>>> print(open('my_file-v4.txt').read())   # compact mmCIF, C-alpha atoms and all ligand atoms
# COMPACT_ATOMS: atom_id res chain seq x y z
CA MET S 1 0.00 0.00 0.00
CA THR S 2 1.24 3.51 -0.77
CA ASP S 3 0.65 6.82 1.03
CA SER S 4 -1.81 8.78 -1.15
CA ALA S 5 -0.15 12.13 -0.30
CA THR S 6 3.53 11.24 -0.72
CA GLY S 7 3.41 8.12 -2.91
CA GLU S 8 5.69 6.41 -0.38
CA VAL S 9 5.28 2.63 -0.03
CA LEU S 10 3.84 2.02 3.44
CA PHE S 11 3.86 -1.78 3.40
CA LEU S 12 3.74 -4.79 1.13
CA ILE S 13 1.55 -7.80 1.73
CA GLU S 14 3.25 -11.08 0.84
CA GLU S 15 1.47 -14.42 0.58
CA GLN S 16 2.36 -17.95 1.72
CA VAL S 17 5.47 -16.88 3.61
CA PRO S 18 7.55 -19.47 5.54
CA LEU S 19 7.79 -18.56 9.25
CA GLN S 20 10.80 -20.67 10.18
CA THR S 21 13.20 -17.73 10.18
CA PHE S 22 10.74 -15.40 11.94
CA HIS S 23 10.51 -17.36 15.21
CA THR S 24 13.50 -18.62 17.17
CA PHE S 25 12.10 -22.13 17.75
CA ALA S 26 12.15 -22.39 13.95
CA LEU S 27 9.24 -24.77 13.39
CA SER S 28 8.41 -25.25 9.76
CA ALA S 29 5.13 -23.39 9.30
CA ARG S 30 3.93 -20.71 6.89
CA THR S 31 1.54 -17.81 7.10
CA ARG S 32 -1.10 -17.01 4.51
CA TYR S 33 -0.29 -13.27 4.63
CA PHE S 34 2.77 -11.45 5.95
CA CYS S 35 3.89 -7.85 6.15
CA ARG S 36 6.55 -5.68 7.77
CA ILE S 37 5.57 -2.41 9.40
CA LYS S 38 8.20 0.32 9.72
CA SER S 39 6.19 3.37 10.84
CA GLN S 40 3.18 4.36 12.90
CA ALA S 41 1.54 5.76 9.74
CA ALA S 42 1.93 2.39 8.03
CA LEU S 43 0.46 0.62 11.05
CA LEU S 44 -2.56 2.93 11.12
CA ALA S 45 -3.08 2.39 7.38
CA LEU S 46 -2.85 -1.39 7.81
CA LEU S 47 -5.49 -1.42 10.56
CA LYS S 48 -7.96 0.20 8.14
CA THR S 49 -7.52 -2.37 5.36
CA PRO S 50 -10.24 -4.98 4.63
CA LEU S 51 -7.51 -7.63 4.81
CA PHE S 52 -6.60 -6.72 8.40
CA GLN S 53 -10.25 -6.42 9.37
CA SER S 54 -11.16 -9.84 7.96
CA GLN S 55 -8.16 -11.95 9.02
CA PRO S 56 -6.86 -13.27 12.34
CA CYS S 57 -3.64 -11.40 13.04
CA VAL S 58 -0.44 -12.01 15.02
CA PHE S 59 1.98 -9.17 15.72
CA LEU S 60 5.55 -10.34 15.86
CA GLY S 61 8.75 -8.75 17.16
CA GLY S 62 11.77 -11.05 17.23
CA GLY S 63 9.66 -14.22 17.50
CA SER S 64 11.64 -15.35 20.57
CA ASN S 65 8.55 -16.03 22.67
CA THR S 66 6.27 -17.26 19.89
CA LEU S 67 5.93 -20.64 18.23
CA PHE S 68 4.00 -21.54 15.11
CA GLN S 69 2.88 -25.10 15.68
CA HIS S 70 0.66 -25.06 12.57
CA ASP S 71 0.41 -23.05 9.38
CA PHE S 72 -1.23 -19.73 10.22
CA GLU S 73 -4.34 -18.96 8.20
CA GLY S 74 -4.20 -15.21 8.70
CA LEU S 75 -1.85 -12.22 8.72
CA VAL S 76 1.50 -12.06 10.54
CA VAL S 77 2.71 -8.48 11.03
CA LYS S 78 6.37 -8.01 11.87
CA LEU S 79 6.84 -4.75 13.77
CA GLU S 80 9.99 -2.90 12.75
CA ILE S 81 9.25 0.65 13.92
CA GLN S 82 12.63 2.06 15.00
CA GLY S 83 13.62 5.06 17.11
CA ILE S 84 14.84 6.02 20.58
CA GLU S 85 14.16 9.52 21.92
CA LEU S 86 15.27 11.24 25.12
CA ILE S 87 12.10 12.98 26.24
CA HIS S 88 12.94 14.20 29.75
CA GLU S 89 16.01 14.60 31.88
CA ASN S 90 16.84 15.92 35.34
CA ALA S 91 19.79 15.49 37.70
CA GLN S 92 18.75 11.97 38.69
CA PHE S 93 16.70 10.42 35.91
CA VAL S 94 16.09 10.25 32.17
CA HIS S 95 12.88 9.26 30.44
CA ILE S 96 13.41 7.60 27.07
CA LYS S 97 10.74 6.68 24.55
CA VAL S 98 11.60 3.57 22.55
CA ASN S 99 9.66 2.44 19.51
CA ALA S 100 8.37 -1.12 19.41
CA GLY S 101 10.73 -2.52 16.78
CA GLU S 102 13.98 -1.62 18.55
CA ASN S 103 16.09 -4.65 19.45
CA TRP S 104 16.02 -5.15 23.23
CA HIS S 105 19.66 -6.05 23.84
CA ALA S 106 20.90 -3.24 21.57
CA LEU S 107 18.72 -0.88 23.65
CA VAL S 108 20.29 -2.15 26.88
CA GLN S 109 23.77 -1.50 25.45
CA TYR S 110 22.73 1.95 24.17
CA THR S 111 21.48 2.97 27.65
CA LEU S 112 24.69 1.76 29.29
CA GLN S 113 26.79 3.73 26.79
CA HIS S 114 24.84 6.84 27.83
CA GLN S 115 25.33 6.05 31.56
CA TRP S 116 21.60 5.48 32.04
CA PHE S 117 21.08 2.60 34.42
CA GLY S 118 18.42 0.05 35.28
CA LEU S 119 18.43 -2.39 32.37
CA GLU S 120 21.74 -4.15 32.99
CA ASN S 121 20.20 -7.33 34.49
CA LEU S 122 18.01 -7.64 31.40
CA SER S 123 21.03 -7.89 29.09
CA LEU S 124 20.99 -10.40 26.23
CA ILE S 125 17.25 -11.11 26.37
CA PRO S 126 16.30 -11.61 22.72
CA GLY S 127 13.44 -9.76 21.05
CA THR S 128 12.08 -6.26 20.76
CA ALA S 129 11.17 -3.37 23.04
CA GLY S 130 7.48 -3.60 22.05
CA ALA S 131 7.20 -7.21 23.17
CA ALA S 132 9.06 -6.68 26.46
CA PRO S 133 5.98 -5.58 28.47
CA ILE S 134 3.80 -8.41 27.11
CA GLN S 135 5.19 -10.93 29.57
CA ASN S 136 6.91 -8.35 31.80
CA ILE S 137 10.33 -9.68 30.87
CA GLY S 138 12.53 -10.45 33.81
CA ALA S 139 15.92 -11.85 34.70
CA TYR S 140 18.21 -11.91 37.73
CA GLY S 141 15.70 -10.15 39.98
CA VAL S 142 14.75 -7.25 37.67
CA GLU S 143 11.60 -6.94 35.54
CA ILE S 144 10.63 -4.33 32.98
CA LYS S 145 7.89 -3.21 35.37
CA ASP S 146 10.67 -1.79 37.59
CA VAL S 147 11.65 0.80 34.95
CA LEU S 148 8.61 1.23 32.71
CA LEU S 149 6.93 4.61 33.14
CA GLU S 150 4.22 4.17 30.52
CA LEU S 151 3.60 2.73 27.08
CA GLU S 152 1.62 3.67 24.03
CA ALA S 153 -0.57 1.19 22.19
CA LEU S 154 -3.13 1.28 19.42
CA GLU S 155 -6.49 -0.34 20.00
CA LEU S 156 -6.82 -2.66 17.01
CA LYS S 157 -10.58 -2.27 16.56
CA THR S 158 -10.59 1.53 16.50
CA GLY S 159 -7.00 2.55 15.71
CA LYS S 160 -7.17 4.81 18.77
CA ALA S 161 -3.88 5.55 20.56
CA VAL S 162 -4.03 4.73 24.27
CA ILE S 163 -1.45 5.53 26.96
CA PHE S 164 -1.08 2.92 29.69
CA SER S 165 0.68 3.90 32.92
CA ASN S 166 2.82 1.28 34.66
CA GLN S 167 -0.14 0.49 36.93
CA ASP S 168 -2.56 0.22 33.98
CA CYS S 169 -0.39 -2.56 32.51
CA CYS S 170 -1.33 -4.87 35.47
CA PHE S 171 2.12 -6.44 35.50
CA ALA S 172 2.63 -9.72 37.31
CA TYR S 173 5.19 -12.54 37.21
CA ARG S 174 5.88 -13.06 33.44
CA ASP S 175 2.47 -11.57 32.79
CA SER S 176 0.60 -8.35 31.96
CA ARG S 177 -2.83 -7.28 30.80
CA PHE S 178 -1.53 -7.43 27.20
CA LYS S 179 -0.83 -11.16 27.50
CA ARG S 180 -4.27 -11.72 29.01
CA GLU S 181 -6.01 -9.46 26.45
CA ALA S 182 -4.04 -10.72 23.43
CA GLY S 183 -5.45 -9.37 20.18
CA ARG S 184 -6.83 -6.14 21.64
CA TYR S 185 -3.86 -3.78 21.46
CA VAL S 186 -0.58 -3.40 19.62
CA ILE S 187 2.19 -1.69 21.58
CA THR S 188 3.88 1.02 19.51
CA SER S 189 6.34 2.47 22.04
CA ILE S 190 7.49 2.16 25.63
CA THR S 191 8.78 4.93 27.91
CA LEU S 192 11.41 3.95 30.47
CA LYS S 193 12.60 5.87 33.52
CA LEU S 194 16.30 5.17 33.98
CA SER S 195 18.63 6.34 36.72
CA LYS S 196 21.80 8.36 36.32
CA GLN S 197 23.11 6.65 39.47
CA PRO S 198 23.84 2.92 39.40
CA VAL S 199 21.36 0.84 41.45
CA LEU S 200 22.63 -2.70 41.26
CA HIS S 201 20.74 -5.95 41.87
CA LEU S 202 23.31 -8.65 42.52
CA ASP S 203 21.39 -11.20 44.63
CA TYR S 204 21.32 -14.15 42.25
CA ALA S 205 23.84 -16.84 43.18
CA SER S 206 25.24 -17.02 39.63
CA ILE S 207 26.01 -13.26 39.72
CA GLN S 208 27.66 -13.58 43.13
CA GLU S 209 29.77 -16.48 41.89
CA ALA S 210 30.83 -14.60 38.76
CA LEU S 211 31.75 -11.51 40.83
CA ARG S 212 33.86 -13.63 43.18
CA ALA S 213 35.58 -15.37 40.26
CA ARG S 214 36.51 -11.95 38.80
CA HIS S 215 37.44 -10.44 42.20
CA LEU S 216 34.91 -7.67 41.65
CA THR S 217 33.52 -6.18 44.85
CA ARG S 218 32.10 -2.92 43.44
CA PRO S 219 31.18 -3.65 39.81
CA THR S 220 29.96 -0.96 37.46
CA PRO S 221 26.60 -1.52 35.68
CA GLN S 222 28.59 -2.11 32.49
CA GLN S 223 30.54 -4.87 34.25
CA VAL S 224 27.30 -6.39 35.55
CA SER S 225 25.90 -6.41 32.02
CA ALA S 226 29.05 -8.06 30.63
CA LEU S 227 29.02 -10.62 33.40
CA ILE S 228 25.36 -11.48 32.83
CA CYS S 229 26.03 -11.86 29.10
CA ALA S 230 28.87 -14.26 29.92
CA ILE S 231 26.70 -16.31 32.33
CA ARG S 232 23.87 -16.48 29.81
CA ARG S 233 26.16 -17.46 26.91
CA GLN S 234 27.52 -20.29 29.03
CA LYS S 235 24.15 -21.63 30.17
CA LEU S 236 21.65 -20.88 27.41
CA PRO S 237 21.61 -22.04 23.80
CA ASP S 238 22.05 -19.30 21.19
CA PRO S 239 18.82 -19.39 19.15
CA ALA S 240 20.84 -18.68 15.99
CA VAL S 241 22.64 -21.98 16.51
CA VAL S 242 20.19 -24.15 18.47
CA PRO S 243 16.57 -23.09 17.89
CA ASN S 244 14.75 -22.45 21.19
CA ALA S 245 12.32 -20.08 22.87
CA GLY S 246 14.08 -19.59 26.23
CA SER S 247 12.31 -20.93 29.30
CA PHE S 248 9.46 -23.04 28.05
CA PHE S 249 7.45 -23.15 31.28
CA LYS S 250 6.79 -20.59 33.97
CA ASN S 251 8.07 -21.27 37.46
CA PRO S 252 4.96 -22.34 39.42
CA LEU S 253 3.95 -20.10 42.35
CA VAL S 254 2.54 -22.06 45.29
CA SER S 255 1.15 -21.34 48.77
CA ALA S 256 3.19 -21.87 51.94
CA SER S 257 1.27 -25.05 52.80
CA GLU S 258 1.82 -26.45 49.30
CA TYR S 259 5.50 -25.56 49.59
CA GLN S 260 5.73 -27.39 52.94
CA ARG S 261 4.15 -30.50 51.41
CA LEU S 262 6.60 -30.42 48.49
CA SER S 263 9.75 -29.68 50.48
CA ALA S 264 8.94 -32.45 52.99
CA ALA S 265 8.53 -34.95 50.15
CA PHE S 266 11.47 -33.61 48.10
CA PRO S 267 14.13 -32.17 50.43
CA THR S 268 16.36 -30.98 47.55
CA LEU S 269 13.50 -28.98 45.96
CA LYS S 270 14.78 -25.70 44.43
CA SER S 271 12.54 -22.79 45.38
CA GLN S 272 12.45 -19.17 46.49
CA LYS S 273 10.28 -17.55 49.15
CA ILE S 274 8.37 -14.64 47.59
CA SER S 275 6.24 -13.68 50.59
CA ASP S 276 4.88 -15.32 53.77
CA ASP S 277 2.33 -17.19 51.70
CA GLU S 278 3.98 -17.51 48.30
CA TYR S 279 6.87 -19.63 47.08
CA LYS S 280 8.31 -19.91 43.58
CA ILE S 281 9.31 -23.42 42.53
CA ALA S 282 12.10 -23.78 39.94
CA ALA S 283 10.38 -25.52 37.03
CA GLY S 284 13.79 -26.48 35.58
CA TRP S 285 14.53 -28.43 38.77
CA LEU S 286 11.16 -30.27 38.52
CA LEU S 287 11.98 -31.41 34.97
CA GLU S 288 15.52 -32.34 35.95
CA PHE S 289 14.26 -34.38 38.91
CA CYS S 290 11.96 -36.27 36.52
CA GLY S 291 15.08 -37.21 34.54
CA PHE S 292 14.47 -35.16 31.40
CA LYS S 293 17.59 -32.96 31.43
CA GLY S 294 19.66 -33.61 28.29
CA LYS S 295 17.07 -36.05 26.90
CA LYS S 296 15.28 -35.94 23.55
CA ILE S 297 11.61 -36.60 22.87
CA ASN S 298 11.61 -37.15 19.11
CA ASN S 299 13.06 -33.90 17.72
CA ILE S 300 12.43 -31.87 20.88
CA GLY S 301 15.42 -31.59 23.19
CA VAL S 302 15.48 -30.77 26.90
CA TYR S 303 18.60 -28.61 27.06
CA GLU S 304 21.51 -30.27 28.83
CA LYS S 305 22.52 -27.15 30.80
CA GLN S 306 19.01 -25.97 31.81
CA ALA S 307 16.05 -28.36 31.65
CA LEU S 308 13.59 -25.46 31.46
CA VAL S 309 14.73 -24.72 27.91
CA LEU S 310 13.34 -26.91 25.14
CA THR S 311 15.15 -27.00 21.80
CA ASN S 312 14.30 -27.92 18.26
CA THR S 313 17.02 -30.47 17.61
CA GLY S 314 16.37 -30.91 13.92
CA HIS S 315 13.21 -30.73 11.95
CA ALA S 316 10.75 -30.82 14.84
CA SER S 317 7.11 -30.73 13.84
CA GLY S 318 4.30 -28.97 15.69
CA LYS S 319 2.87 -32.41 16.51
CA GLU S 320 6.15 -33.50 18.10
CA LEU S 321 6.20 -30.30 20.14
CA ALA S 322 2.63 -30.88 21.37
CA GLU S 323 3.54 -34.47 22.34
CA ALA S 324 6.66 -33.35 24.19
CA ILE S 325 4.71 -30.70 26.12
CA GLN S 326 2.20 -33.35 27.13
CA ILE S 327 4.86 -35.83 28.26
CA LEU S 328 6.73 -33.21 30.32
CA THR S 329 3.68 -31.65 31.96
CA LEU S 330 2.09 -35.03 32.78
CA ALA S 331 5.33 -36.26 34.38
CA VAL S 332 5.54 -33.15 36.59
CA GLN S 333 1.86 -33.41 37.46
CA ASP S 334 2.23 -37.09 38.43
CA LYS S 335 5.37 -36.65 40.50
CA PHE S 336 4.70 -33.32 42.21
CA GLY S 337 0.99 -32.58 41.72
CA LEU S 338 1.95 -29.28 40.02
CA SER S 339 0.65 -27.91 36.70
CA LEU S 340 3.30 -26.39 34.48
CA GLU S 341 2.13 -23.44 32.40
CA VAL S 342 3.71 -22.91 28.97
CA GLU S 343 5.43 -19.48 28.85
CA PRO S 344 5.68 -18.66 25.12
CA GLN S 345 2.70 -17.94 22.92
CA ILE S 346 1.88 -20.90 20.68
CA TYR S 347 -0.18 -20.51 17.50
P1 LIG M 401 7.68 -12.16 20.03
O1 LIG M 401 8.00 -13.59 20.25
O2 LIG M 401 7.76 -11.64 18.66
O3 LIG M 401 6.22 -11.89 20.61
C1 LIG M 401 5.85 -12.37 21.88
C2 LIG M 401 4.35 -12.12 22.11
O4 LIG M 401 4.11 -10.73 22.16
C3 LIG M 401 3.46 -12.64 20.97
O5 LIG M 401 2.24 -13.03 21.55
C4 LIG M 401 3.27 -11.42 20.09
O6 LIG M 401 2.07 -11.48 19.36
C5 LIG M 401 3.25 -10.30 21.10
N1 LIG M 401 3.81 -9.04 20.63
C6 LIG M 401 5.06 -8.83 20.14
N2 LIG M 401 5.24 -7.52 19.90
C7 LIG M 401 4.08 -6.90 20.24
C8 LIG M 401 3.66 -5.54 20.22
N3 LIG M 401 4.46 -4.54 19.84
N4 LIG M 401 2.39 -5.26 20.61
C9 LIG M 401 1.56 -6.25 21.01
N5 LIG M 401 1.91 -7.56 21.06
C10 LIG M 401 3.17 -7.86 20.68
N6 LIG M 401 12.18 -13.73 28.61
C11 LIG M 401 12.31 -13.20 29.85
O7 LIG M 401 11.35 -12.65 30.40
N7 LIG M 401 13.50 -13.24 30.50
C12 LIG M 401 14.59 -13.82 29.97
O8 LIG M 401 15.65 -13.83 30.59
C13 LIG M 401 14.48 -14.41 28.67
N8 LIG M 401 15.52 -15.04 28.10
C14 LIG M 401 15.38 -15.64 26.89
C15 LIG M 401 16.47 -16.32 26.34
C16 LIG M 401 16.36 -16.93 25.10
C17 LIG M 401 17.54 -17.68 24.52
C18 LIG M 401 15.13 -16.87 24.39
C19 LIG M 401 15.01 -17.49 23.03
C20 LIG M 401 14.03 -16.21 24.93
C21 LIG M 401 14.15 -15.59 26.19
N9 LIG M 401 13.08 -14.91 26.78
C22 LIG M 401 13.22 -14.34 28.01
C23 LIG M 401 11.78 -14.82 26.09
C24 LIG M 401 11.71 -13.64 25.06
O9 LIG M 401 12.98 -13.26 24.65
C25 LIG M 401 10.99 -12.44 25.64
O10 LIG M 401 9.68 -12.78 26.02
C26 LIG M 401 10.93 -11.27 24.64
O11 LIG M 401 10.36 -10.14 25.24
C27 LIG M 401 10.15 -11.62 23.38
O12 LIG M 401 10.34 -10.58 22.44
P2 LIG M 401 10.02 -10.81 20.91
O13 LIG M 401 10.09 -9.49 20.23
O14 LIG M 401 10.87 -11.87 20.36
O15 LIG M 401 8.51 -11.29 21.03
P1 LIG M 402 18.90 -19.81 37.98
O1 LIG M 402 19.75 -18.68 38.42
O2 LIG M 402 19.48 -21.17 37.84
O3 LIG M 402 17.66 -19.91 38.97
C1 LIG M 402 16.67 -20.92 38.81
C2 LIG M 402 15.35 -20.31 39.19
O4 LIG M 402 15.37 -19.92 40.57
C3 LIG M 402 15.13 -19.11 38.35
O5 LIG M 402 14.08 -19.42 37.52
C4 LIG M 402 14.86 -17.97 39.31
O6 LIG M 402 13.56 -17.44 39.14
C5 LIG M 402 14.95 -18.57 40.70
N1 LIG M 402 15.93 -17.81 41.51
C6 LIG M 402 17.25 -18.06 41.62
N2 LIG M 402 17.81 -17.18 42.47
C7 LIG M 402 16.83 -16.37 42.88
C8 LIG M 402 16.79 -15.25 43.77
N3 LIG M 402 17.89 -14.81 44.40
N4 LIG M 402 15.60 -14.65 43.95
C9 LIG M 402 14.48 -15.07 43.32
N5 LIG M 402 14.47 -16.12 42.48
C10 LIG M 402 15.62 -16.76 42.26
O7 LIG M 402 18.15 -19.42 36.62
P2 LIG M 402 18.70 -19.42 35.12
O8 LIG M 402 18.02 -20.45 34.37
O9 LIG M 402 20.20 -19.39 35.12
O10 LIG M 402 18.17 -18.01 34.61
C11 LIG M 402 18.72 -16.81 35.11
C12 LIG M 402 17.72 -15.68 34.97
O11 LIG M 402 17.43 -15.48 33.58
C13 LIG M 402 16.41 -15.97 35.66
O12 LIG M 402 15.93 -14.79 36.23
C14 LIG M 402 15.50 -16.42 34.54
O13 LIG M 402 14.14 -16.09 34.76
C15 LIG M 402 16.04 -15.63 33.34
N6 LIG M 402 15.80 -16.36 32.09
C16 LIG M 402 14.54 -16.35 31.59
C17 LIG M 402 14.26 -17.00 30.40
C18 LIG M 402 12.87 -16.92 29.78
O14 LIG M 402 12.73 -17.31 28.63
N7 LIG M 402 11.88 -16.48 30.51
C19 LIG M 402 15.26 -17.67 29.73
C20 LIG M 402 16.53 -17.70 30.30
C21 LIG M 402 16.79 -17.03 31.48
P3 LIG M 402 13.19 -16.32 38.04
O15 LIG M 402 13.08 -17.07 36.77
O16 LIG M 402 11.90 -15.81 38.55
O17 LIG M 402 14.26 -15.29 38.06
>>> encode(input="my_file-v4.txt", output="structure tokens")
Amino acid sequence: MTDSATGEVLFLIEEQVPLQTFHTFALSARTRYFCRIKSQAALLALLKTPLFQSQPCVFLGGGSNTLFQHDFEGLVVKLEIQGIELIHENAQFVHIKVNAGENWHALVQYTLQHQWFGLENLSLIPGTAGAAPIQNIGAYGVEIKDVLLELEALELKTGKAVIFSNQDCCFAYRDSRFKREAGRYVITSITLKLSKQPVLHLDYASIQEALRARHLTRPTPQQVSALICAIRRQKLPDPAVVPNAGSFFKNPLVSASEYQRLSAAFPTLKSQKISDDEYKIAAGWLLEFCGFKGKKINNIGVYEKQALVLTNTGHASGKELAEAIQILTLAVQDKFGLSLEVEPQIY
């Protein structure tokens, strides 16, 4: 479609496009329609088209938390709207507005280069800025909810721009209103409040170990970022080499009484106390205890360094994935009485 005033091409609709390279688990599926969106004007124009209004639609960033188990009989829209803008600054903080298509890790590095702090623990998470609030991305004790001031989204039905404050996003553990209300809004930009003073979060045991190994007692945020990248590269498969979607299941949250039952039955249970009545159980440990770590179920692998990560070891099919999910979740249910919830979005 072209802009009637300028003649500029806003977007192209392609048909029968393979999706393997557009999602990091790399299942072999195709979409009936596909387009890339590079500006807000193009997005608004797309929302008005009969094609958009008549087809099921999936918005995609980096495809690192999305799997296409089947061919998709609709429209996949890859959001590539770029741009980072400093919109406010005082002695202590900056507010930056980041468009949805910006690469997340590149953004983290950009903020560190400018001495704006708060994102260092979220280094090397794949994907885009626009997708980051969907599941309230988190790692090493920091979540995007800790730094997100507000975000802008378009309501798909009306094309109306809506501003959501941090509170409006209803963030929770790997969750937000946008995950629960999938298909209602598309996020076009996020605004982050970052600190000019380092505020470090170094609690996780793997960070402590890495600091000790490097004899670092007062690391800079840049050093924390580099260290987290090193830990992640050691423990997680690179999706460009071994297709995967990161953690495949959420860590179950259980009550104190449920935790007591589990820890009495399984003294080596890996867990974290969240509050007096909430404990987080390490789903990777549950799968490891069931003996799945390093095993293969047809072409689905359970990663040898972290059982929570499933991999596509060859030409895995959607059917093989569904079977593997069933085998893993049933085993955990039988052994521990816990339901594992799949983290990525599966279509
Ligand atoms: P996509 O997979 O493209 O999309 C994810 C979902 O959001 C889909 O439902 C999609 O429709 C929707 N969506 C995407 N963009 C928009 C938008 N602009 N508006 C509305 N909806 C949208 N996650 C963590 O939380 N912490 C981690 O430490 C972490 N580590 C990972 C490590 C690896 C190796 C991998 C492969 C994944 C990891 N993830 C992690 C998961 C993933 O990287 C994040 O969830 C990331 O935010 C997904 O971004 P994306 O652009 O790839 O999203
Ligand atoms: P890890 O350090 O081996 O820890 C295992 C689990 O225990 C994690 O899931 C973590 O929960 C929890 N945990 C450990 N120390 C904790 C603490 N001090 N306070 C609260 N919870 C604690 O985990 P990992 O596999 O190497 O991953 C490291 C970090 O990267 C984790 O935060 C993880 O969530 C994140 N990550 C996420 C994905 C994804 O796709 N979602 C993929 C890779 C890594 P949390 O998961 O709640 O932190």
>>> residues_around(input="my_file-v4.txt", residues="Tyr173 of chain S", least_positions_apart="2", cutoff="9 Å", atoms="all atoms listed in the file", output="list in words")
Gln135, Asn136, Ile137, Gly138, Glu143, Phe171, Asp175, Ser176 and Lys250 of chain S
>>> atom_distance(input="my_file-v4.txt", atom1="atom CA of Val147 of chain S", atom2="atom C26 of ligand LIG 401 (chain M)")
15.9 Å
>>> axis_aligned_box(input="my_file-v4.txt", around="ligand LIG 402 (chain M)", padding_each_side="4 Å", output="lines of an AutoDock Vina configuration file")
center_x = 16.0
center_y = -17.9
center_z = 36.5
size_x = 16.3
size_y = 14.5
size_z = 23.8
>>> residues_near_ligand(input="my_file-v4.txt", ligand="ligand LIG 402 (chain M)", cutoff="6 Å", atoms="all atoms listed in the file", output="list in words")
Gly138, Ala139, Tyr140, Gly141, Asp203, Tyr204, Ser206, Gly246, Ser247, Gln272 and Ala282 of chain S
>>> residues_around(input="my_file-v4.txt", residues="Ile87 of chain S", least_positions_apart="5", cutoff="7 Å", atoms="all atoms listed in the file", output="list in words")
His95, Ile96 and Lys97 of chain S
>>> closest_residue(input="my_file-v4.txt", among="S:Cys229, S:Leu194, S:Leu51, S:Arg32", to="Ala91 of chain S", atoms="all atoms listed in the file")
S:Leu194
>>> closest_residue(input="my_file-v4.txt", among="S:Gly83, S:Pro221, S:Gly183, S:Pro267", to="Asn103 of chain S", atoms="all atoms listed in the file")
S:Gly83
>>> atom_distance(input="my_file-v4.txt", atom1="atom CA of Thr313 of chain S", atom2="atom CA of Gly301 of chain S")
5.9 Å
>>> closest_residue(input="my_file-v4.txt", among="S:Val186, S:Ala26, S:Ile346, S:Leu269", to="Lys78 of chain S", atoms="only C-alpha atoms")
S:Val186
>>> atom_distance(input="my_file-v4.txt", atom1="atom CA of Lys296 of chain S", atom2="atom CA of Phe249 of chain S")
16.9 Å
>>> residues_around(input="my_file-v4.txt", residues="Leu310 of chain S", least_positions_apart="4", cutoff="9 Å", atoms="all atoms listed in the file", output="list in words")
Phe25, Pro243, Asn244, Ala245, Gly246, Ser247, Phe248, Ile300, Gly301, Val302, Tyr303 and Gln306 of chain S
>>> residues_around(input="my_file-v4.txt", residues="Glu278 of chain S", least_positions_apart="5", cutoff="12 Å", atoms="all atoms listed in the file", output="count of residues only")
12
>>> closest_residue(input="my_file-v4.txt", among="S:Gly101, S:Gly318, S:Gly291, S:Gly127", to="ligand LIG 401 (chain M)", atoms="all atoms listed in the file")
S:Gly127
>>> closest_residue(input="my_file-v4.txt", among="S:Gln40, S:Gln115, S:Cys57, S:Leu46", to="Ala161 of chain S", atoms="all atoms listed in the file")
S:Gln40
>>> residues_around(input="my_file-v4.txt", residues="Ser123 of chain S", least_positions_apart="6", cutoff="9 Å", atoms="all atoms listed in the file", output="VMD selection string")
chain S and resid 104 to 106 108 to 109 139 225 to 226 228 to 229
>>> closest_residue(input="my_file-v4.txt", among="S:Arg30, S:His70, S:Lys160, S:Lys319", to="Leu43 of chain S", atoms="all atoms listed in the file")
S:Lys160
>>> residues_near_point(input="my_file-v4.txt", point="(-1.4, -8.5, 32.3)", cutoff="12 Å", atoms="all atoms listed in the file", output="PDB file with C-alpha atoms, in the frame of the given file")
ATOM      1  CA  PRO S 133       5.980  -5.580  28.470  1.00  0.00           C
ATOM      2  CA  ILE S 134       3.800  -8.410  27.110  1.00  0.00           C
ATOM      3  CA  GLN S 135       5.190 -10.930  29.570  1.00  0.00           C
ATOM      4  CA  ASN S 136       6.910  -8.350  31.800  1.00  0.00           C
ATOM      5  CA  ILE S 137      10.330  -9.680  30.870  1.00  0.00           C
ATOM      6  CA  LYS S 145       7.890  -3.210  35.370  1.00  0.00           C
ATOM      7  CA  PHE S 164      -1.080   2.920  29.690  1.00  0.00           C
ATOM      8  CA  ASN S 166       2.820   1.280  34.660  1.00  0.00           C
ATOM      9  CA  GLN S 167      -0.140   0.490  36.930  1.00  0.00           C
ATOM     10  CA  ASP S 168      -2.560   0.220  33.980  1.00  0.00           C
ATOM     11  CA  CYS S 169      -0.390  -2.560  32.510  1.00  0.00           C
ATOM     12  CA  CYS S 170      -1.330  -4.870  35.470  1.00  0.00           C
ATOM     13  CA  PHE S 171       2.120  -6.440  35.500  1.00  0.00           C
ATOM     14  CA  ALA S 172       2.630  -9.720  37.310  1.00  0.00           C
ATOM     15  CA  TYR S 173       5.190 -12.540  37.210  1.00  0.00           C
ATOM     16  CA  ARG S 174       5.880 -13.060  33.440  1.00  0.00           C
ATOM     17  CA  ASP S 175       2.470 -11.570  32.790  1.00  0.00           C
ATOM     18  CA  SER S 176       0.600  -8.350  31.960  1.00  0.00           C
ATOM     19  CA  ARG S 177      -2.830  -7.280  30.800  1.00  0.00           C
ATOM     20  CA  PHE S 178      -1.530  -7.430  27.200  1.00  0.00           C
ATOM     21  CA  LYS S 179      -0.830 -11.160  27.500  1.00  0.00           C
ATOM     22  CA  ARG S 180      -4.270 -11.720  29.010  1.00  0.00           C
ATOM     23  CA  GLU S 181      -6.010  -9.460  26.450  1.00  0.00           C
ATOM     24  CA  ALA S 182      -4.040 -10.720  23.430  1.00  0.00           C
TER      25      ALA S 182
END
